[in-house]
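model-v7.cif follows (mmCIF, C-alpha atoms and all ligand atoms):
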```cif
data_input
#
loop_
_atom_site.label_atom_id
_atom_site.label_comp_id
_atom_site.auth_asym_id
_atom_site.auth_seq_id
_atom_site.Cartn_x
_atom_site.Cartn_y
_atom_site.Cartn_z
CA MET U 1 50.64 96.71 132.24
CA LYS U 2 51.90 98.27 129.06
CA SER U 3 53.15 95.77 126.56
CA VAL U 4 54.01 97.13 123.16
CA LEU U 5 55.41 95.44 120.13
CA SER U 6 59.10 95.79 119.47
CA GLU U 7 59.71 98.60 117.06
CA ARG U 8 61.78 96.24 114.92
CA LEU U 9 59.09 95.23 112.49
CA THR U 10 59.51 92.74 109.73
CA ILE U 11 57.74 94.50 106.90
CA HIS U 12 56.29 92.85 103.79
CA LEU U 13 55.46 95.68 101.45
CA HIS U 14 54.05 93.87 98.48
CA ASP U 15 51.96 91.04 99.88
CA ILE U 16 48.59 92.67 100.40
CA GLU U 17 45.44 92.75 98.32
CA HIS U 18 44.95 95.85 96.15
CA ARG U 19 41.75 96.85 94.38
CA GLU U 20 40.86 99.70 92.08
CA LEU U 21 37.69 101.70 92.34
CA PRO U 22 36.73 102.08 88.64
CA PRO U 23 36.93 105.73 87.51
CA ASP U 24 33.18 106.00 86.83
CA ALA U 25 32.41 104.56 90.26
CA ALA U 26 34.89 106.88 91.98
CA THR U 27 33.43 109.88 90.17
CA ALA U 28 29.91 108.80 91.14
CA VAL U 29 30.86 108.58 94.84
CA ARG U 30 32.39 112.06 94.90
CA ALA U 31 29.55 113.57 92.84
CA LEU U 32 26.86 112.09 95.09
CA ALA U 33 28.70 113.28 98.21
CA ALA U 34 28.99 116.78 96.74
CA ASP U 35 25.29 116.78 95.81
CA ILE U 36 24.27 115.76 99.34
CA ARG U 37 26.46 118.50 100.84
CA HIS U 38 24.96 121.12 98.54
CA ARG U 39 21.41 120.03 99.41
CA LEU U 40 21.97 120.10 103.16
CA GLY U 41 24.34 123.04 103.56
CA ASP U 42 27.45 122.90 105.67
CA SER U 43 26.70 123.53 109.31
CA PRO U 44 23.82 121.66 110.97
CA HIS U 45 25.13 118.17 110.51
CA THR U 46 28.90 118.50 110.57
CA SER U 47 29.82 118.11 114.23
CA THR U 48 28.56 114.54 114.70
CA LEU U 49 27.06 113.63 111.29
CA HIS U 50 23.93 112.46 113.20
CA ASP U 51 21.56 114.88 111.48
CA ALA U 52 18.41 113.03 110.40
CA ALA U 53 18.35 114.64 106.94
CA LEU U 54 21.94 113.55 106.30
CA LEU U 55 21.29 110.01 107.53
CA ASP U 56 18.20 109.84 105.32
CA GLN U 57 20.22 110.93 102.28
CA ILE U 58 22.91 108.33 102.98
CA GLU U 59 20.37 105.57 103.55
CA ARG U 60 18.28 106.31 100.46
CA ARG U 61 20.94 107.35 97.99
CA ALA U 62 23.77 104.87 98.61
CA SER U 63 21.75 102.53 96.37
CA GLU U 64 22.18 105.02 93.48
CA LEU U 65 25.87 104.11 93.32
CA PRO U 66 26.96 101.53 90.76
CA ASP U 67 27.34 97.90 91.83
CA SER U 68 31.08 98.20 91.26
CA VAL U 69 31.24 100.34 94.41
CA ARG U 70 29.72 97.56 96.53
CA THR U 71 32.12 95.08 94.94
CA ALA U 72 35.10 97.33 95.72
CA VAL U 73 34.26 97.74 99.42
CA ARG U 74 33.47 94.09 100.16
CA PRO U 75 35.52 92.68 103.08
CA PRO U 76 39.16 91.78 102.39
CA ALA U 77 39.32 88.53 100.44
CA THR U 78 42.75 87.17 101.37
CA ALA U 79 44.36 85.77 104.52
CA ALA U 80 46.05 89.16 105.04
CA GLY U 81 42.71 90.50 106.28
CA ALA U 82 43.34 93.90 104.71
CA THR U 83 42.92 95.55 101.32
CA VAL U 84 44.12 98.82 99.84
CA LEU U 85 41.44 100.34 97.63
CA ARG U 86 42.73 102.92 95.16
CA GLY U 87 41.04 105.39 92.92
CA LEU U 88 39.04 107.86 95.01
CA PRO U 89 39.99 111.27 93.60
CA VAL U 90 41.13 113.87 96.16
CA ASP U 91 42.81 117.26 95.81
CA ASP U 92 45.00 118.49 98.64
CA ALA U 93 43.75 122.05 98.24
CA GLU U 94 40.14 121.04 98.99
CA PHE U 95 40.90 120.08 102.59
CA GLY U 96 42.54 123.14 104.13
CA PRO U 97 45.23 122.76 106.79
CA THR U 98 45.39 119.55 108.81
CA PRO U 99 43.48 120.36 112.03
CA ALA U 100 45.34 120.37 115.35
CA HIS U 101 43.06 117.74 116.93
CA TRP U 102 39.87 115.82 116.27
CA GLN U 103 37.60 118.51 117.75
CA ALA U 104 39.04 121.09 115.37
CA ALA U 105 38.56 118.67 112.48
CA ALA U 106 34.85 118.30 113.30
CA GLU U 107 34.46 122.08 113.56
CA SER U 108 36.41 122.93 110.40
CA ALA U 109 34.37 120.44 108.34
CA ALA U 110 31.77 123.24 108.06
CA ASP U 111 34.27 125.64 106.44
CA PRO U 112 32.80 126.49 103.01
CA ALA U 113 36.25 127.56 101.79
CA HIS U 114 37.43 123.96 102.18
CA PRO U 115 34.47 121.67 101.54
CA GLY U 116 36.63 118.61 100.92
CA SER U 117 36.67 117.35 104.51
CA LEU U 118 32.87 117.30 104.83
CA GLU U 119 32.44 115.89 101.32
CA LEU U 120 34.87 113.12 102.18
CA ASP U 121 32.94 112.47 105.41
CA ILE U 122 29.81 112.02 103.30
CA ALA U 123 31.65 109.92 100.71
CA MET U 124 32.96 107.66 103.48
CA LEU U 125 29.47 107.22 104.90
CA LEU U 126 28.19 106.29 101.43
CA LEU U 127 31.02 103.79 100.92
CA ALA U 128 30.58 102.40 104.42
CA ARG U 129 26.84 102.02 103.89
CA CYS U 130 27.62 100.06 100.71
CA ALA U 131 29.82 97.75 102.83
CA GLY U 132 27.58 97.41 105.89
CA GLU U 133 26.34 99.55 108.78
CA PRO U 134 28.57 102.51 109.73
CA PHE U 135 28.45 103.40 113.43
CA GLY U 136 30.19 105.55 116.03
CA TRP U 137 30.88 105.45 119.76
CA GLN U 138 29.22 107.91 122.11
CA GLY U 139 32.43 108.15 124.14
CA GLN U 140 34.78 108.68 121.21
CA GLN U 141 35.08 111.92 119.23
CA ASN U 142 31.65 112.96 120.49
CA GLY U 143 29.96 110.04 118.72
CA ARG U 144 30.91 111.32 115.28
CA LEU U 145 30.20 108.72 112.59
CA VAL U 146 33.46 109.52 110.77
CA ASN U 147 36.51 109.97 113.01
CA ASN U 148 39.43 112.19 112.10
CA ILE U 149 42.90 110.79 112.81
CA VAL U 150 45.46 113.57 113.18
CA PRO U 151 48.48 113.91 115.48
CA ALA U 152 47.73 116.09 118.51
CA ALA U 153 50.30 118.04 120.53
CA GLY U 154 50.71 116.59 124.02
CA HIS U 155 49.53 113.13 122.95
CA GLU U 156 52.69 112.05 121.09
CA ASP U 157 53.37 109.01 123.30
CA GLU U 158 49.80 107.78 123.82
CA GLN U 159 48.46 104.48 122.53
CA SER U 160 45.77 106.25 120.50
CA GLY U 161 45.25 107.67 117.04
CA ALA U 162 46.37 111.10 118.30
CA SER U 163 49.91 109.85 118.93
CA SER U 164 52.91 110.20 116.64
CA SER U 165 56.41 109.67 118.08
CA THR U 166 55.61 106.25 119.55
CA LEU U 167 54.80 103.04 117.72
CA LEU U 168 51.02 102.59 117.81
CA SER U 169 50.94 98.93 118.86
CA PRO U 170 49.03 96.54 116.65
CA HIS U 171 45.53 96.18 118.08
CA THR U 172 42.00 95.12 117.34
CA GLU U 173 39.92 98.29 117.11
CA ASP U 174 37.82 98.66 120.27
CA ALA U 175 38.89 95.18 121.35
CA PHE U 176 37.35 95.77 124.79
CA HIS U 177 33.79 95.82 123.45
CA ALA U 178 31.43 93.18 122.06
CA ARG U 179 30.00 95.71 119.59
CA ARG U 180 33.38 96.52 118.01
CA ALA U 181 33.52 96.89 114.24
CA ASN U 182 33.78 93.92 111.91
CA LEU U 183 35.32 96.15 109.25
CA LEU U 184 37.35 99.36 109.46
CA MET U 185 37.59 101.80 106.59
CA LEU U 186 40.49 104.29 106.69
CA VAL U 187 40.86 106.93 104.00
CA CYS U 188 43.98 109.03 103.55
CA LEU U 189 43.62 112.77 102.93
CA ARG U 190 47.32 113.49 103.18
CA ASN U 191 50.45 111.64 104.27
CA PRO U 192 53.46 113.71 103.15
CA ASP U 193 56.05 111.62 104.98
CA SER U 194 54.59 108.28 103.79
CA VAL U 195 53.95 107.12 107.35
CA ALA U 196 53.00 103.45 107.24
CA THR U 197 49.92 101.90 108.75
CA THR U 198 50.67 98.35 109.97
CA VAL U 199 48.37 95.38 109.47
CA SER U 200 48.94 91.82 110.72
CA SER U 201 46.59 88.88 110.26
CA VAL U 202 45.98 86.05 112.71
CA ARG U 203 45.44 83.86 109.63
CA GLN U 204 49.11 84.24 108.65
CA VAL U 205 50.71 83.45 112.01
CA ALA U 206 52.18 80.08 113.04
CA LEU U 207 51.60 79.00 116.66
CA SER U 208 52.04 75.67 118.43
CA ALA U 209 48.99 73.73 119.54
CA ASP U 210 49.88 74.49 123.16
CA ASP U 211 50.07 78.24 122.50
CA GLN U 212 46.77 78.16 120.63
CA ARG U 213 45.15 76.30 123.52
CA ALA U 214 46.45 78.83 126.04
CA LEU U 215 45.34 81.82 123.99
CA ARG U 216 41.85 80.34 123.47
CA THR U 217 41.37 80.14 127.25
CA PRO U 218 39.71 83.25 128.74
CA THR U 219 42.49 84.57 131.01
CA VAL U 220 42.63 88.37 131.29
CA PRO U 221 40.29 91.22 130.26
CA ILE U 222 40.90 93.95 127.67
CA LEU U 223 40.27 97.49 128.92
CA PRO U 224 39.06 100.51 126.93
CA ASP U 225 41.79 102.57 125.31
CA VAL U 226 42.69 106.04 126.49
CA SER U 227 40.47 107.73 123.89
CA TYR U 228 37.49 106.63 126.05
CA GLY U 229 38.98 108.01 129.28
CA THR U 230 40.80 106.26 132.13
CA GLY U 231 40.12 104.49 135.43
CA PHE U 232 38.39 101.37 134.11
CA ASP U 233 38.18 98.27 136.28
CA ALA U 234 41.15 95.99 135.65
CA HIS U 235 39.27 93.08 137.24
CA ALA U 236 36.65 92.71 134.53
CA ALA U 237 35.72 89.38 132.95
CA PRO U 238 38.56 87.53 131.20
CA LEU U 239 38.39 87.06 127.43
CA PRO U 240 39.96 84.62 124.99
CA THR U 241 42.55 86.14 122.67
CA LEU U 242 41.95 83.61 119.87
CA TRP U 243 38.98 81.52 118.80
CA LEU U 244 37.47 79.98 115.69
CA ASP U 245 34.60 81.80 114.02
CA GLU U 246 31.42 80.19 112.70
CA THR U 247 33.30 79.06 109.58
CA GLY U 248 36.09 77.46 111.64
CA SER U 249 38.62 80.18 110.76
CA ASP U 250 40.99 81.88 113.19
CA THR U 251 39.74 85.09 114.75
CA LEU U 252 41.31 87.33 117.36
CA ARG U 253 40.73 90.08 119.88
CA TYR U 254 44.05 91.65 120.78
CA ASP U 255 45.19 94.88 122.38
CA PRO U 256 48.39 94.36 124.41
CA ALA U 257 48.65 97.98 125.54
CA TYR U 258 45.31 97.65 127.36
CA THR U 259 45.57 94.02 128.52
CA PRO U 260 46.77 93.46 132.13
CA LEU U 261 49.13 90.66 131.17
CA ASP U 262 50.89 90.79 134.52
CA ASP U 263 47.78 89.16 135.99
CA ALA U 264 48.17 86.10 133.72
CA GLY U 265 50.24 82.99 134.42
CA THR U 266 53.62 82.26 132.89
CA ALA U 267 52.39 79.94 130.13
CA TYR U 268 49.77 82.41 128.94
CA ARG U 269 52.22 85.31 128.97
CA ALA U 270 54.74 83.27 126.99
CA ALA U 271 52.09 82.29 124.42
CA TYR U 272 50.97 85.92 124.14
CA THR U 273 54.58 87.00 123.59
CA ARG U 274 54.94 84.44 120.79
CA LEU U 275 51.69 85.64 119.21
CA THR U 276 53.00 89.21 119.37
CA ALA U 277 56.24 88.13 117.67
CA GLU U 278 54.31 86.29 114.99
CA LEU U 279 52.09 89.30 114.33
CA ALA U 280 55.28 91.34 113.87
CA ARG U 281 56.70 88.71 111.53
CA VAL U 282 53.67 88.76 109.22
CA CYS U 283 53.19 92.54 109.36
CA HIS U 284 52.25 94.44 106.22
CA ALA U 285 52.94 98.18 106.24
CA PRO U 286 51.13 100.10 103.52
CA ALA U 287 51.92 103.83 103.50
CA LEU U 288 48.61 105.19 102.31
CA ALA U 289 48.65 107.86 99.62
CA PRO U 290 45.95 110.54 99.33
CA GLY U 291 42.70 108.99 98.13
CA GLU U 292 43.68 105.45 99.10
CA ILE U 293 41.35 103.55 101.40
CA LEU U 294 42.50 100.77 103.72
CA LEU U 295 39.90 98.13 104.53
CA VAL U 296 40.79 96.12 107.65
CA ASP U 297 38.89 93.02 108.73
CA ASN U 298 38.79 93.77 112.46
CA ASP U 299 37.99 90.14 113.32
CA VAL U 300 41.06 88.87 111.48
CA ALA U 301 43.75 91.56 111.40
CA VAL U 302 45.24 93.95 113.93
CA HIS U 303 46.46 97.37 112.86
CA GLY U 304 48.82 100.05 114.13
CA ARG U 305 51.14 102.77 112.88
CA VAL U 306 54.89 103.28 112.76
CA PRO U 307 56.35 106.20 114.74
CA PHE U 308 56.72 109.57 113.02
CA ARG U 309 57.60 113.15 113.87
CA ALA U 310 54.52 115.35 113.81
CA ARG U 311 54.88 118.68 112.05
CA TYR U 312 52.03 120.66 113.66
CA ASP U 313 52.13 123.11 110.76
CA GLY U 314 48.91 122.21 108.96
CA THR U 315 50.53 119.66 106.64
CA ASP U 316 50.43 116.62 108.94
CA ARG U 317 49.17 113.17 108.08
CA TRP U 318 45.35 113.14 108.11
CA LEU U 319 43.17 110.06 107.90
CA LYS U 320 39.46 109.50 108.40
CA ARG U 321 38.09 106.29 109.92
CA VAL U 322 34.68 104.64 109.85
CA ASN U 323 33.60 101.66 111.97
CA ILE U 324 31.37 99.24 110.10
CA ARG U 325 29.20 96.39 111.36
CA LEU U 326 28.67 93.53 108.92
CA PRO U 327 25.18 92.24 109.81
CA GLU U 328 25.87 88.84 108.28
CA ARG U 329 28.67 88.17 110.77
CA ARG U 330 27.97 86.49 114.10
CA ARG U 331 30.27 86.82 117.09
CA ARG U 332 30.77 84.37 119.98
CA PRO U 333 27.47 84.07 121.89
CA GLN U 334 29.36 84.58 125.16
CA GLU U 335 30.10 88.17 124.13
CA SER U 336 26.44 89.07 124.58
CA SER U 337 26.88 89.15 128.36
CA GLU U 338 29.72 91.70 128.33
CA ASN U 339 28.92 95.06 129.88
CA GLY U 340 31.14 97.07 127.54
CA TYR U 341 32.46 99.30 130.35
CA GLY U 342 29.48 101.59 129.90
CA GLN U 343 30.51 102.50 126.35
CA HIS U 344 27.65 102.82 123.87
CA VAL U 345 27.49 102.73 120.11
CA VAL U 346 25.63 105.21 117.94
CA ALA U 347 24.17 102.92 115.30
CA PRO U 348 21.72 104.83 113.12
CA PHE U 349 21.87 102.40 110.21
CA ARG U 350 21.20 99.26 112.16
CA ALA U 351 18.38 97.56 110.26
CA SER U 352 15.10 97.32 112.15
CA THR U 353 14.59 93.77 110.89
CA ASP U 354 17.94 92.88 112.36
CA ARG U 355 17.02 94.37 115.73
CA THR U 356 13.84 92.32 115.83
CA ALA U 357 15.61 89.11 114.91
CA GLU U 358 18.26 89.54 117.57
CA ARG U 359 16.05 90.70 120.41
CA GLY U 360 16.23 88.20 123.23
CA THR U 361 19.32 86.46 121.90
CA THR U 362 21.81 89.30 121.68
CA ASP U 363 22.42 91.91 124.33
CA GLU U 364 21.24 95.29 123.13
CA ARG U 365 23.11 97.19 125.83
CA GLY U 366 25.40 99.66 124.27
CA SER U 367 23.13 100.34 121.34
CA VAL U 368 21.91 103.90 121.03
CA GLU U 369 19.53 103.71 118.16
CA GLN U 370 19.01 106.89 116.20
CA PRO U 371 15.99 107.42 113.97
FE FE W 401 43.02 101.69 115.84
#
```
Starting from the file, give its structure as structure tokens.
Ligand SMILES: [Fe+2]
Amino acid sequence: MKSVLSERLTIHLHDIEHRELPPDAATAVRALAADIRHRLGDSPHTSTLHDAALLDQIERRASELPDSVRTAVRPPATAAGATVLRGLPVDDAEFGPTPAHWQAAAESAADPAHPGSLELDIAMLLLARCAGEPFGWQGQQNGRLVNNIVPAAGHEDEQSGASSSTLLSPHTEDAFHARRANLLMLVCLRNPDSVATTVSSVRQVALSADDQRALRTPTVPILPDVSYGTGFDAHAAPLPTLWLDETGSDTLRYDPAYTPLDDAGTAYRAAYTRLTAELARVCHAPALAPGEILLVDNDVAVHGRVPFRARYDGTDRWLKRVNIRLPERRRRPQESSENGYGQHVVAPFRASTDRTAERGTTDERGSVEQP
């Protein structure tokens, strides 16, 4: 059932929105993150970032940041569906060696000799809270609210963030789930070989009316990716790949590596292949530099990563990722009946007013509300 994009990508390096975090705003984010770390100490809250005192600090103090921060982290404004935000100051020496896997990254965040990883976790939560509602997944990286993306030995060929030598196929993050993020925030700690992240927008592709019609017809399901485990039911409810959102704009849900395309008919498979080719044609490939943040509109753009050779010597590429819900966005009502394959979100910032408003109209399964 594997179907991955050809590794021959057409890359447009310069056609993507860039923003600058003003120096005073960038300094304020780092200073507030450092202050919160000093107040709380290093260990109790590092493994999952669920600690109530940390969440309270994020919730109350994100509003101390200047308005320019909220402006900088607003959703991508162009049809590319992605934005590179520059200006967050980082120093390679503050992070320590790149951890060998995500568990080690969570553990080493408490290392007082290298406070940068935990301070960047806190900075990312502050930035994400300025953009919307950061959340995690119980079944992914132990529910941690900020995920670490590092290459892991033995996972080189997987379709997951732990891979390296294979092309990470363009995909919607957590496409299998109705509670997937509206916005992804990826920050780069180090990327010595300038490994490119790929981003392709459904709003830049050209498809025939017949292909659009086929891809808007619920045909095959999308299964959870390997980072959630294996053995999921391939006979789950079919989903549309494309649809129009509440503003009439193209939106997609796409993860070919976890879509059983062999179960679809010829016309659908051909349309899906043409969509895949179009997403390759319009691909942008920013190679993030340390301190750069990539914002990806997960309803509009798919993302991936070009292949690279992992070093496993403590200097590897290291990104952090936050999933963000934008409460003002509405998804297709039909998604409320999806079971989510038993995967649950950890959504400590979900507004209580929002929960009340949606009760009875939106399925709350999958929501693990923290205080
Ligand atoms: Fe991803």
Worksheet entry | Two-atom distance - CA of Pro115 (chain U), CA of Ala287 (chain U) (Å) | 25.0 Å
Item to complete: For Val302 (chain U), list every protein, DNA or RNA residue within 7 Å, evaluated using all atoms listed in the file, and leave out those in the same chain fewer than 2 positions away; present the list as a VMD selection string.
Response: chain U and resid 170 to 172 199 to 201 298
Discussion item. Taking all atoms listed in the file into account, which residues have an atom no farther than 10 Å from ligand FE 401 (chain W)? I'd like them as a list in words.
Written reply: Ile149, Gln159, Ser160, Gly161, Leu168, Ser169, Pro170, His171, Thr172, Glu173, Asp174, Ala175, Leu184, Leu186, Thr197, Asp225, Asp255, Asn298, Val302, His303, Gly304, Arg305 and Arg321 of chain U
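Note that the spacing between CA of Leu242 (chain U) and CA of Pro218 (chain U) amounts to 9.2 Å.
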Fill in: Distance in Å - CA of Pro348 (chain U) versus CA of Ala123 (chain U)
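We find that CA of Pro348 (chain U) and CA of Ala123 (chain U) lie 16.7 Å from each other.
Between Glu119 (chain U) and the residues U:Pro22, U:Pro260, U:Pro89, U:Pro238, the shortest atom-to-atom distance, using all atoms listed in the file, involves U:Pro89.
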Discussion item. Around the point (30.8, 107.6, 100.7) (coordinates from the file), which residues reach within 9 Å if we count all atoms listed in the file? Answer as number ranges by chain.
Written reply: U: 29-30, 32-33, 58, 62, 119-130
Discussion item. Which polymer residues, whether protein, DNA or RNA, lie within 7 Å of the coordinate (25.1, 106.4, 114.2) when you count all atoms listed in the file? List them as a list in words, using the chain letters and numbers from the file.
Written reply: His50, Pro134, Phe135, Gly136, Leu145, Val346, Ala347, Pro348, Phe349 and Gln370 of chain U
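Comparing U:Val195, U:Val150, U:Leu21, U:Val69 by their smallest distance to Ala162 (chain U), the closest is U:Val150 (using all atoms listed in the file).
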Pick out the residues sitting within 12 Å of Val90 (chain U), and hand them over as a PDB file with C-alpha atoms, in the coordinates of the input; count only C-alpha atoms, and ignore anything fewer than 4 positions along from it in its own chain.
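Result saved to result_15.pdb:
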```pdb
ATOM      1  CA  ALA U  26      34.890 106.880  91.980  1.00  0.00           C
ATOM      2  CA  THR U  27      33.430 109.880  90.170  1.00  0.00           C
ATOM      3  CA  VAL U  29      30.860 108.580  94.840  1.00  0.00           C
ATOM      4  CA  ARG U  30      32.390 112.060  94.900  1.00  0.00           C
ATOM      5  CA  ARG U  86      42.730 102.920  95.160  1.00  0.00           C
ATOM      6  CA  GLU U  94      40.140 121.040  98.990  1.00  0.00           C
ATOM      7  CA  PHE U  95      40.900 120.080 102.590  1.00  0.00           C
ATOM      8  CA  PRO U 115      34.470 121.670 101.540  1.00  0.00           C
ATOM      9  CA  GLY U 116      36.630 118.610 100.920  1.00  0.00           C
ATOM     10  CA  SER U 117      36.670 117.350 104.510  1.00  0.00           C
ATOM     11  CA  GLU U 119      32.440 115.890 101.320  1.00  0.00           C
ATOM     12  CA  LEU U 120      34.870 113.120 102.180  1.00  0.00           C
ATOM     13  CA  ALA U 123      31.650 109.920 100.710  1.00  0.00           C
ATOM     14  CA  VAL U 187      40.860 106.930 104.000  1.00  0.00           C
ATOM     15  CA  CYS U 188      43.980 109.030 103.550  1.00  0.00           C
ATOM     16  CA  LEU U 189      43.620 112.770 102.930  1.00  0.00           C
ATOM     17  CA  ARG U 190      47.320 113.490 103.180  1.00  0.00           C
ATOM     18  CA  ALA U 289      48.650 107.860  99.620  1.00  0.00           C
ATOM     19  CA  PRO U 290      45.950 110.540  99.330  1.00  0.00           C
ATOM     20  CA  GLY U 291      42.700 108.990  98.130  1.00  0.00           C
ATOM     21  CA  GLU U 292      43.680 105.450  99.100  1.00  0.00           C
ATOM     22  CA  ILE U 293      41.350 103.550 101.400  1.00  0.00           C
TER      23      ILE U 293
END
```
Worksheet item: Which one is closest to Trp102 (chain U): U:Pro307, U:Thr273, U:Gln204, U:Asn148? Count only C-alpha atoms.
Response: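 Among U:Pro307, U:Thr273, U:Gln204, U:Asn148, it is U:Asn148 that comes nearest to Trp102 (chain U).
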Worksheet item: Near Ala270 (chain U), counting all atoms listed in the file, which residues have an atom at most 9 Å away, once you skip same-chain residues fewer than 5 positions from it, shown as an NGL selection string?
Response: :U and (211 or 265 or 275)
Item to complete: Could you tell me which of U:Ala31, U:Arg19, U:Arg331, U:Ile36 comes closest to Ala178 (chain U) if we count all atoms listed in the file?
Response: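 So, comparing all the options, the nearest one is U:Arg331.
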Item to complete: Give the answer as one residue: which of U:Arg329, U:Arg253, U:His18, U:His177 has the shortest atom-to-atom distance to Gly342 (chain U), using only C-alpha atoms?
Response: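 Once distances to Gly342 (chain U) are computed over only C-alpha atoms, the minimum belongs to U:His177.
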Item to complete: Select, from U:Val322, U:Leu252, U:Val296, U:Leu288, the residue with the minimum atom-to-atom distance to Val202 (chain U), counting all atoms listed in the file.
Response: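 Under the stated criterion, the closest residue is U:Leu252.
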Would you save region 110-116 of chain U to a file, keeping all heavy atoms, as a JSON list (two decimals), in the first residue's frame?
```json
[["chain", "number", "residue", "atom", "x", "y", "z"],
["U", 110, "ALA", "N", 16.03, 18.33, 30.70],
["U", 110, "ALA", "CA", 16.22, 18.73, 32.10],
["U", 110, "ALA", "C", 17.68, 18.96, 32.45],
["U", 110, "ALA", "O", 18.00, 19.26, 33.61],
["U", 110, "ALA", "CB", 15.64, 17.66, 33.03],
["U", 111, "ASP", "N", 18.58, 18.86, 31.49],
["U", 111, "ASP", "CA", 20.02, 19.00, 31.76],
["U", 111, "ASP", "C", 20.36, 20.46, 32.01],
["U", 111, "ASP", "O", 20.32, 21.28, 31.08],
["U", 111, "ASP", "CB", 20.80, 18.45, 30.56],
["U", 111, "ASP", "CG", 22.30, 18.64, 30.71],
["U", 111, "ASP", "OD1", 22.74, 19.08, 31.80],
["U", 111, "ASP", "OD2", 23.03, 18.36, 29.74],
["U", 112, "PRO", "N", 20.70, 20.83, 33.25],
["U", 112, "PRO", "CA", 20.97, 22.25, 33.53],
["U", 112, "PRO", "C", 22.21, 22.78, 32.81],
["U", 112, "PRO", "O", 22.37, 23.99, 32.66],
["U", 112, "PRO", "CB", 21.17, 22.28, 35.06],
["U", 112, "PRO", "CG", 21.44, 20.88, 35.45],
["U", 112, "PRO", "CD", 20.82, 19.98, 34.44],
["U", 113, "ALA", "N", 23.07, 21.88, 32.34],
["U", 113, "ALA", "CA", 24.26, 22.33, 31.59],
["U", 113, "ALA", "C", 23.89, 22.82, 30.20],
["U", 113, "ALA", "O", 24.64, 23.57, 29.57],
["U", 113, "ALA", "CB", 25.27, 21.19, 31.49],
["U", 114, "HIS", "N", 22.74, 22.38, 29.71],
["U", 114, "HIS", "CA", 22.28, 22.78, 28.38],
["U", 114, "HIS", "C", 20.80, 23.14, 28.45],
["U", 114, "HIS", "O", 19.93, 22.36, 28.03],
["U", 114, "HIS", "CB", 22.51, 21.65, 27.36],
["U", 114, "HIS", "CG", 23.94, 21.29, 27.19],
["U", 114, "HIS", "ND1", 24.49, 20.12, 27.67],
["U", 114, "HIS", "CD2", 24.96, 21.96, 26.60],
["U", 114, "HIS", "CE1", 25.78, 20.09, 27.38],
["U", 114, "HIS", "NE2", 26.09, 21.20, 26.73],
["U", 115, "PRO", "N", 20.51, 24.32, 28.99],
["U", 115, "PRO", "CA", 19.10, 24.69, 29.20],
["U", 115, "PRO", "C", 18.36, 25.08, 27.92],
["U", 115, "PRO", "O", 17.15, 25.31, 27.95],
["U", 115, "PRO", "CB", 19.21, 25.88, 30.15],
["U", 115, "PRO", "CG", 20.53, 26.51, 29.82],
["U", 115, "PRO", "CD", 21.44, 25.36, 29.45],
["U", 116, "GLY", "N", 19.08, 25.17, 26.80],
["U", 116, "GLY", "CA", 18.46, 25.71, 25.59],
["U", 116, "GLY", "C", 17.28, 24.90, 25.09],
["U", 116, "GLY", "O", 16.30, 25.46, 24.60]]
```
